[in-house]
>>> print(open('start_0.csv').read())   # CSV, C-alpha atoms
chain,number,residue,atom,x,y,z
A,265,MET,CA,-84.3,-127.8,11.4
A,266,SER,CA,-82.8,-124.6,12.7
A,267,THR,CA,-83.7,-122.7,15.9
A,268,ILE,CA,-85.1,-119.6,14.2
A,269,ASP,CA,-87.3,-121.1,11.4
A,270,ASN,CA,-88.2,-124.4,9.8
A,271,LEU,CA,-85.4,-124.4,7.2
A,272,PRO,CA,-82.2,-126.5,7.4
A,273,PRO,CA,-79.1,-125.4,9.3
A,274,LEU,CA,-76.8,-123.3,7.2
A,275,ARG,CA,-74.0,-126.0,7.2
A,276,ASP,CA,-76.5,-128.4,5.5
A,277,VAL,CA,-77.5,-125.6,3.0
A,278,ILE,CA,-73.9,-125.0,2.0
A,279,GLU,CA,-73.3,-128.7,1.6
A,280,THR,CA,-76.5,-129.4,-0.3
A,281,HIS,CA,-75.8,-126.5,-2.8
A,282,GLU,CA,-72.0,-127.0,-2.8
A,283,LEU,CA,-71.4,-123.4,-1.7
A,284,ARG,CA,-67.8,-122.6,-0.9
A,285,ALA,CA,-67.0,-119.0,-0.1
A,286,ARG,CA,-65.0,-117.3,-2.8
A,287,LYS,CA,-62.2,-114.9,-2.0
A,288,SER,CA,-62.6,-113.2,-5.3
A,289,LEU,CA,-66.2,-112.1,-4.2
A,290,GLY,CA,-65.1,-111.1,-0.7
A,291,GLN,CA,-67.2,-113.9,0.8
A,292,ASN,CA,-67.1,-115.1,4.4
A,293,PHE,CA,-70.2,-116.9,5.5
A,294,LEU,CA,-71.8,-116.7,8.9
A,295,LEU,CA,-73.3,-120.1,9.8
A,296,ASP,CA,-74.6,-119.5,13.3
A,297,LEU,CA,-78.3,-118.5,12.9
A,298,ASN,CA,-78.6,-117.3,16.5
A,299,LEU,CA,-75.8,-114.9,15.7
A,300,THR,CA,-77.3,-113.7,12.4
A,301,ALA,CA,-80.6,-113.1,14.3
A,302,LYS,CA,-78.7,-111.1,16.9
A,303,ILE,CA,-77.2,-109.0,14.1
A,304,ALA,CA,-80.7,-108.5,12.6
A,305,ARG,CA,-81.9,-107.2,16.0
A,306,GLN,CA,-79.1,-104.5,16.0
A,307,ALA,CA,-81.0,-103.0,13.0
A,308,GLY,CA,-83.8,-102.1,15.4
A,309,ASP,CA,-87.5,-102.7,15.0
A,310,LEU,CA,-88.0,-104.1,11.5
A,311,THR,CA,-91.8,-104.4,11.7
A,312,GLY,CA,-93.3,-102.4,8.9
A,313,CYS,CA,-89.9,-101.9,7.2
A,314,ASP,CA,-88.4,-102.9,4.0
A,315,VAL,CA,-84.8,-104.1,4.4
A,316,LEU,CA,-82.0,-103.9,1.7
A,317,GLU,CA,-79.4,-106.7,2.1
A,318,ILE,CA,-76.2,-106.8,0.0
A,319,GLY,CA,-74.4,-110.1,-0.5
A,320,PRO,CA,-76.7,-112.5,1.3
A,321,GLY,CA,-74.7,-115.6,0.3
A,322,PRO,CA,-76.5,-118.7,1.6
A,323,GLY,CA,-79.0,-116.5,3.5
A,324,GLY,CA,-78.0,-116.6,7.1
A,325,LEU,CA,-78.7,-112.9,7.8
A,326,THR,CA,-81.6,-113.0,5.4
A,327,ARG,CA,-83.3,-115.5,7.6
A,328,GLY,CA,-82.5,-113.5,10.7
A,329,LEU,CA,-84.0,-110.4,9.2
A,330,LEU,CA,-87.2,-112.2,8.2
A,331,SER,CA,-87.5,-114.0,11.5
A,332,GLU,CA,-87.1,-110.7,13.3
A,333,GLY,CA,-90.2,-109.4,11.5
A,334,ALA,CA,-88.9,-107.4,8.4
A,335,ARG,CA,-91.9,-106.6,6.2
A,336,ARG,CA,-89.9,-107.4,3.2
A,337,VAL,CA,-86.2,-108.1,2.3
A,338,LEU,CA,-84.6,-107.1,-1.0
A,339,ALA,CA,-81.4,-109.2,-1.3
A,340,ILE,CA,-78.9,-108.4,-4.1
A,341,GLU,CA,-76.5,-111.3,-4.8
A,342,LYS,CA,-73.8,-111.4,-7.4
A,343,ASP,CA,-73.0,-115.1,-7.0
A,344,PRO,CA,-75.5,-117.2,-9.0
A,345,ARG,CA,-74.5,-120.3,-7.0
A,346,CYS,CA,-76.4,-118.8,-4.0
A,347,LEU,CA,-79.7,-118.3,-5.8
A,348,PRO,CA,-81.2,-121.8,-5.2
A,349,ALA,CA,-80.5,-121.5,-1.5
A,350,LEU,CA,-82.1,-118.1,-1.4
A,351,ALA,CA,-85.1,-119.4,-3.4
A,352,GLU,CA,-85.8,-121.9,-0.6
A,353,ILE,CA,-85.9,-119.0,1.9
A,354,SER,CA,-88.3,-117.2,-0.4
A,355,ASP,CA,-90.6,-120.2,-0.5
A,356,ALA,CA,-90.5,-120.4,3.3
A,357,TYR,CA,-91.4,-116.7,3.7
A,358,PRO,CA,-94.0,-116.1,0.9
A,359,ASP,CA,-94.0,-112.6,-0.6
A,360,ARG,CA,-91.4,-111.3,1.9
A,361,LEU,CA,-88.1,-111.9,0.0
A,362,GLN,CA,-87.1,-110.7,-3.4
A,363,VAL,CA,-83.7,-111.7,-4.7
A,364,ILE,CA,-82.0,-109.9,-7.5
A,365,GLU,CA,-78.9,-111.3,-9.2
A,366,GLY,CA,-76.4,-108.6,-10.0
A,367,ASP,CA,-73.8,-106.1,-8.8
A,368,ALA,CA,-75.0,-103.9,-5.9
A,369,LEU,CA,-72.9,-101.1,-7.3
A,370,GLU,CA,-74.9,-101.0,-10.5
A,371,ILE,CA,-78.5,-101.6,-9.2
A,372,ASP,CA,-80.9,-98.9,-8.0
A,373,PRO,CA,-82.7,-100.5,-5.0
A,374,LEU,CA,-85.3,-97.8,-4.9
A,375,GLN,CA,-87.1,-99.5,-7.8
A,376,PHE,CA,-88.0,-102.3,-5.5
A,377,LEU,CA,-88.3,-100.9,-2.0
A,378,THR,CA,-91.1,-99.0,-0.2
A,379,PRO,CA,-90.2,-96.7,2.8
A,380,PRO,CA,-89.5,-96.9,5.6
A,381,ILE,CA,-86.3,-98.6,4.5
A,382,ARG,CA,-83.3,-100.0,6.5
A,383,VAL,CA,-80.1,-101.5,5.2
A,384,ALA,CA,-78.5,-104.5,6.9
A,385,ALA,CA,-75.7,-106.5,5.4
A,386,ASN,CA,-72.6,-108.6,6.0
A,387,LEU,CA,-71.0,-106.6,3.2
A,388,PRO,CA,-68.5,-108.3,0.9
A,389,TYR,CA,-65.1,-107.0,1.9
A,390,ASN,CA,-64.2,-105.8,-1.6
A,391,VAL,CA,-67.2,-103.4,-2.0
A,392,GLY,CA,-68.2,-102.5,1.5
A,393,THR,CA,-66.4,-99.2,1.8
A,394,GLU,CA,-67.6,-97.9,-1.6
A,395,LEU,CA,-71.2,-98.8,-0.8
A,396,LEU,CA,-70.9,-97.0,2.5
A,397,VAL,CA,-69.6,-93.8,1.0
A,398,ARG,CA,-72.4,-93.9,-1.6
A,399,TRP,CA,-75.0,-94.3,1.1
A,400,LEU,CA,-73.5,-91.4,3.0
A,401,THR,CA,-73.1,-88.9,0.2
A,402,PRO,CA,-76.3,-88.7,-1.8
A,403,LYS,CA,-77.0,-85.2,-3.1
A,404,ASP,CA,-80.2,-84.9,-1.2
A,405,TRP,CA,-80.7,-85.5,2.5
A,406,PRO,CA,-82.3,-87.2,4.4
A,407,PRO,CA,-81.5,-90.4,2.4
A,408,TYR,CA,-83.9,-93.1,1.5
A,409,TRP,CA,-82.7,-95.3,4.4
A,410,GLN,CA,-83.4,-94.8,8.1
A,411,SER,CA,-80.4,-96.8,9.3
A,412,LEU,CA,-77.4,-98.9,8.1
A,413,THR,CA,-76.4,-102.0,10.1
A,414,LEU,CA,-73.3,-103.2,8.4
A,415,MET,CA,-70.5,-105.7,9.1
A,416,PHE,CA,-67.0,-104.7,8.3
A,417,GLN,CA,-63.5,-105.8,9.1
A,418,ARG,CA,-62.9,-104.4,12.6
A,419,GLU,CA,-60.3,-102.0,11.4
A,420,VAL,CA,-62.8,-100.4,9.0
A,421,ALA,CA,-65.4,-100.3,11.7
A,422,HIS,CA,-63.0,-98.3,14.0
A,423,ARG,CA,-62.3,-95.9,11.1
A,424,ILE,CA,-66.0,-95.2,10.9
A,425,VAL,CA,-66.3,-94.2,14.6
A,426,ALA,CA,-62.9,-92.6,15.0
A,427,GLU,CA,-62.3,-89.2,16.7
A,428,PRO,CA,-60.0,-86.4,15.4
A,429,GLY,CA,-56.3,-87.0,16.3
A,430,SER,CA,-56.5,-90.8,16.2
A,431,LYS,CA,-54.7,-92.9,13.7
A,432,ALA,CA,-58.1,-94.3,12.5
A,433,TYR,CA,-59.5,-90.8,11.9
A,434,GLY,CA,-60.1,-90.1,8.2
A,435,ARG,CA,-62.5,-89.9,5.4
A,436,LEU,CA,-64.9,-92.6,6.6
A,437,ALA,CA,-65.2,-91.1,10.1
A,438,LEU,CA,-65.9,-87.6,8.7
A,439,LEU,CA,-68.5,-88.7,6.1
A,440,ALA,CA,-70.3,-91.1,8.6
A,441,GLN,CA,-70.4,-88.6,11.5
A,442,TRP,CA,-71.4,-85.7,9.3
A,443,ARG,CA,-74.8,-87.1,8.5
A,444,ALA,CA,-75.3,-90.0,11.0
A,445,ASP,CA,-74.8,-91.3,14.5
A,446,ALA,CA,-72.4,-94.2,14.2
A,447,GLN,CA,-71.5,-96.8,16.8
A,448,ILE,CA,-70.0,-100.3,17.0
A,449,VAL,CA,-72.7,-102.6,18.3
A,450,LEU,CA,-71.1,-106.0,18.0
A,451,ASN,CA,-67.7,-107.6,17.6
A,452,LEU,CA,-67.1,-110.9,16.0
A,453,PRO,CA,-64.0,-113.2,16.0
A,454,PRO,CA,-62.7,-114.8,12.8
A,455,GLU,CA,-63.9,-118.2,13.9
A,456,ALA,CA,-67.5,-117.0,13.6
A,457,PHE,CA,-67.1,-117.3,9.9
A,458,THR,CA,-66.6,-120.0,7.3
A,459,PRO,CA,-63.9,-119.8,6.1
A,460,PRO,CA,-62.4,-117.8,9.0
A,461,PRO,CA,-60.9,-114.5,7.7
A,462,LYS,CA,-57.5,-113.4,9.0
A,463,VAL,CA,-59.0,-110.4,10.8
A,464,SER,CA,-61.8,-109.8,13.3
A,465,SER,CA,-65.1,-108.2,12.3
A,466,ALA,CA,-67.5,-105.7,13.8
A,467,VAL,CA,-71.1,-104.6,13.2
A,468,VAL,CA,-71.6,-100.8,12.9
A,469,HIS,CA,-75.0,-99.2,13.2
A,470,LEU,CA,-75.5,-95.8,11.6
A,471,THR,CA,-78.7,-93.8,12.2
A,472,ALA,CA,-79.4,-91.1,9.6
A,473,LEU,CA,-79.7,-87.6,11.1
A,474,PRO,CA,-82.6,-85.4,9.9
A,475,GLN,CA,-80.0,-82.8,8.8
A,476,PRO,CA,-76.2,-82.9,8.5
A,477,ARG,CA,-74.4,-81.6,11.5
A,478,PHE,CA,-72.8,-78.8,9.5
A,479,PRO,CA,-73.7,-77.3,6.1
A,480,ALA,CA,-71.6,-78.5,3.2
A,481,ASP,CA,-72.0,-79.8,-0.4
A,482,ALA,CA,-71.6,-83.6,-0.2
A,483,ALA,CA,-69.5,-83.9,-3.4
A,484,VAL,CA,-67.2,-81.1,-2.4
A,485,LEU,CA,-66.7,-82.4,1.1
A,486,ASN,CA,-66.0,-85.9,-0.1
A,487,ARG,CA,-63.4,-84.5,-2.6
A,488,VAL,CA,-61.7,-82.3,0.0
A,489,VAL,CA,-61.6,-85.0,2.6
A,490,ALA,CA,-60.4,-87.7,0.2
A,491,ALA,CA,-57.5,-85.4,-1.0
A,492,ALA,CA,-56.6,-84.4,2.6
A,493,PHE,CA,-56.3,-87.9,3.9
A,494,ASN,CA,-54.7,-89.3,0.8
A,495,GLN,CA,-51.6,-87.6,1.9
A,496,ARG,CA,-52.3,-87.3,5.6
A,497,ARG,CA,-48.6,-86.8,6.6
A,498,LYS,CA,-48.4,-83.7,4.6
A,499,MET,CA,-49.5,-80.2,5.6
A,500,LEU,CA,-52.9,-79.4,4.3
A,501,ARG,CA,-51.6,-76.7,1.9
A,502,ALA,CA,-49.5,-79.4,0.2
A,503,ALA,CA,-52.1,-82.2,0.4
A,504,LEU,CA,-54.8,-80.0,-1.0
A,505,LYS,CA,-52.9,-78.0,-3.7
A,506,GLY,CA,-54.8,-79.8,-6.4
A,507,VAL,CA,-58.2,-78.9,-5.0
A,508,ALA,CA,-57.9,-75.1,-5.6
A,509,PRO,CA,-55.0,-72.9,-6.8
A,510,ASP,CA,-55.5,-70.5,-3.9
A,511,ILE,CA,-56.0,-73.3,-1.3
A,512,GLU,CA,-54.1,-71.4,1.4
A,513,ASP,CA,-56.5,-68.5,1.3
A,514,ARG,CA,-59.4,-70.9,1.4
A,515,LEU,CA,-58.0,-72.8,4.4
A,516,LEU,CA,-57.6,-69.5,6.2
A,517,ALA,CA,-61.1,-68.5,5.3
A,518,ALA,CA,-62.3,-71.7,6.9
A,519,GLY,CA,-60.3,-70.9,10.1
A,520,ILE,CA,-57.7,-73.7,9.4
A,521,GLN,CA,-54.0,-73.1,9.4
A,522,PRO,CA,-52.4,-74.2,6.2
A,523,THR,CA,-49.6,-75.9,8.2
A,524,GLU,CA,-52.1,-78.2,9.9
A,525,ARG,CA,-52.4,-81.9,9.0
A,526,ALA,CA,-55.7,-83.6,8.1
A,527,GLU,CA,-56.0,-85.5,11.4
A,528,GLN,CA,-55.9,-82.2,13.4
A,529,VAL,CA,-59.0,-80.8,11.7
A,530,SER,CA,-62.5,-81.4,13.1
A,531,LEU,CA,-65.6,-82.3,11.2
A,532,GLU,CA,-66.9,-78.7,11.6
A,533,GLY,CA,-63.5,-77.5,10.2
A,534,PHE,CA,-63.7,-79.7,7.1
A,535,CYS,CA,-67.3,-78.6,6.5
A,536,ALA,CA,-66.2,-75.0,6.6
A,537,LEU,CA,-63.4,-75.8,4.2
A,538,ALA,CA,-65.8,-77.5,1.8
A,539,ARG,CA,-67.9,-74.3,1.8
A,540,ALA,CA,-64.8,-72.2,1.3
A,541,VAL,CA,-63.7,-74.4,-1.6
A,542,ALA,CA,-67.2,-74.2,-3.2
A,543,ALA,CA,-67.4,-70.4,-2.9
A,544,PRO,CA,-66.7,-68.4,-6.1
>>> encode(input="start_0.csv", output="structure tokens")
Amino acid sequence: MSTIDNLPPLRDVIETHELRARKSLGQNFLLDLNLTAKIARQAGDLTGCDVLEIGPGPGGLTRGLLSEGARRVLAIEKDPRCLPALAEISDAYPDRLQVIEGDALEIDPLQFLTPPIRVAANLPYNVGTELLVRWLTPKDWPPYWQSLTLMFQREVAHRIVAEPGSKAYGRLALLAQWRADAQIVLNLPPEAFTPPPKVSSAVVHLTALPQPRFPADAAVLNRVVAAAFNQRRKMLRAALKGVAPDIEDRLLAAGIQPTERAEQVSLEGFCALARAVAAP
């Protein structure tokens, strides 16, 4: 039995159910249950919270979340091979785990969750960034979640917490820091996973702010920032020429010189630009 519950160690679970991580699904499994419990603790006090987990795989983090006191976990898993292993966890934690087979990009979790809600996941590498952007850019704010505790490739994690002027600074940093406090809370080497990925990983914890730091329309800000950093070596007047025909005037209205490059502009500046672009 494992050290956190009465279920078998994850290596035995993977062997029993013949689970091999699939690269096509962005899978890398964490087998150290003490480590998955440590990640679960980074999500904060889970007592009285529903937790959304994406891509639970054989259930290492799932077991960590449940053992750390989550009221209920909703796990969305695309790989049907993992469902029998997750069913065993559900049996061990009656009425506290619901597993849905499907694509997290296509499922509305609010049908199944009751606030307060936290999100915690070892995200599949191939959908992690898209899910993060969706969680950060709902039309209405505050969002349905209180916090996000997410594992990414370390390079992506650094992009989320990057400061202006750095090579990592870009769309993810701006969207994350506009509406949340973001920090890296844990670093993991490749050998922590099976199979070991070619890169290191990190856990990022984001706490939703009551209000965005600066006013802006989420869709407009996302569009402006994506265009600006898609051609980050160009001056903004060139990178953003497709955003508005009079982009130079709108840049100046936002207090930004058209000859600046995207990495030189602060979060406050981009929010001002989004407001200028949205203006009649």
>>> residues_around(input="start_0.csv", residues="segment 530-542 of chain A", least_positions_apart="2", cutoff="9 Å", atoms="all atoms listed in the file", output="count of residues only")
34
>>> closest_residue(input="start_0.csv", among="A:Leu396, A:Val391, A:Leu325, A:Leu350", to="Leu412 of chain A", atoms="all atoms listed in the file")
A:Leu396
>>> closest_residue(input="start_0.csv", among="A:Thr300, A:Gln447, A:Asn386, A:Gln375", to="Thr471 of chain A", atoms="only C-alpha atoms")
A:Gln447
>>> residues_around(input="start_0.csv", residues="Leu297 of chain A", least_positions_apart="3", cutoff="12 Å", atoms="only C-alpha atoms", output="PyMOL selection string")
chain A and resi 265-275+293-294+300-304+322-332+456-457
>>> residues_around(input="start_0.csv", residues="Trp405 of chain A", least_positions_apart="3", cutoff="8 Å", atoms="all atoms listed in the file", output="VMD selection string")
chain A and resid 402 474 to 476
>>> atom_distance(input="start_0.csv", atom1="atom CA of Pro522 of chain A", atom2="atom CA of Ala440 of chain A")
24.7 Å
>>> residues_around(input="start_0.csv", residues="segment 312-318 of chain A", least_positions_apart="6", cutoff="10 Å", atoms="all atoms listed in the file", output="ChimeraX atom specification")
/A:325-326,329-330,333-342,360-364,367-369,373-374,376-388,391-392,395,409-414
>>> atom_distance(input="start_0.csv", atom1="atom CA of Val397 of chain A", atom2="atom CA of His469 of chain A")
14.4 Å
>>> atom_distance(input="start_0.csv", atom1="atom CA of Ser464 of chain A", atom2="atom CA of Asn494 of chain A")
25.0 Å
>>> residues_around(input="start_0.csv", residues="Ile448 of chain A", least_positions_apart="6", cutoff="8 Å", atoms="all atoms listed in the file", output="PyMOL selection string")
chain A and resi 421-422+425+466-469
>>> closest_residue(input="start_0.csv", among="A:Thr401, A:Asn451, A:Gln291, A:Thr458", to="Pro320 of chain A", atoms="all atoms listed in the file")
A:Gln291
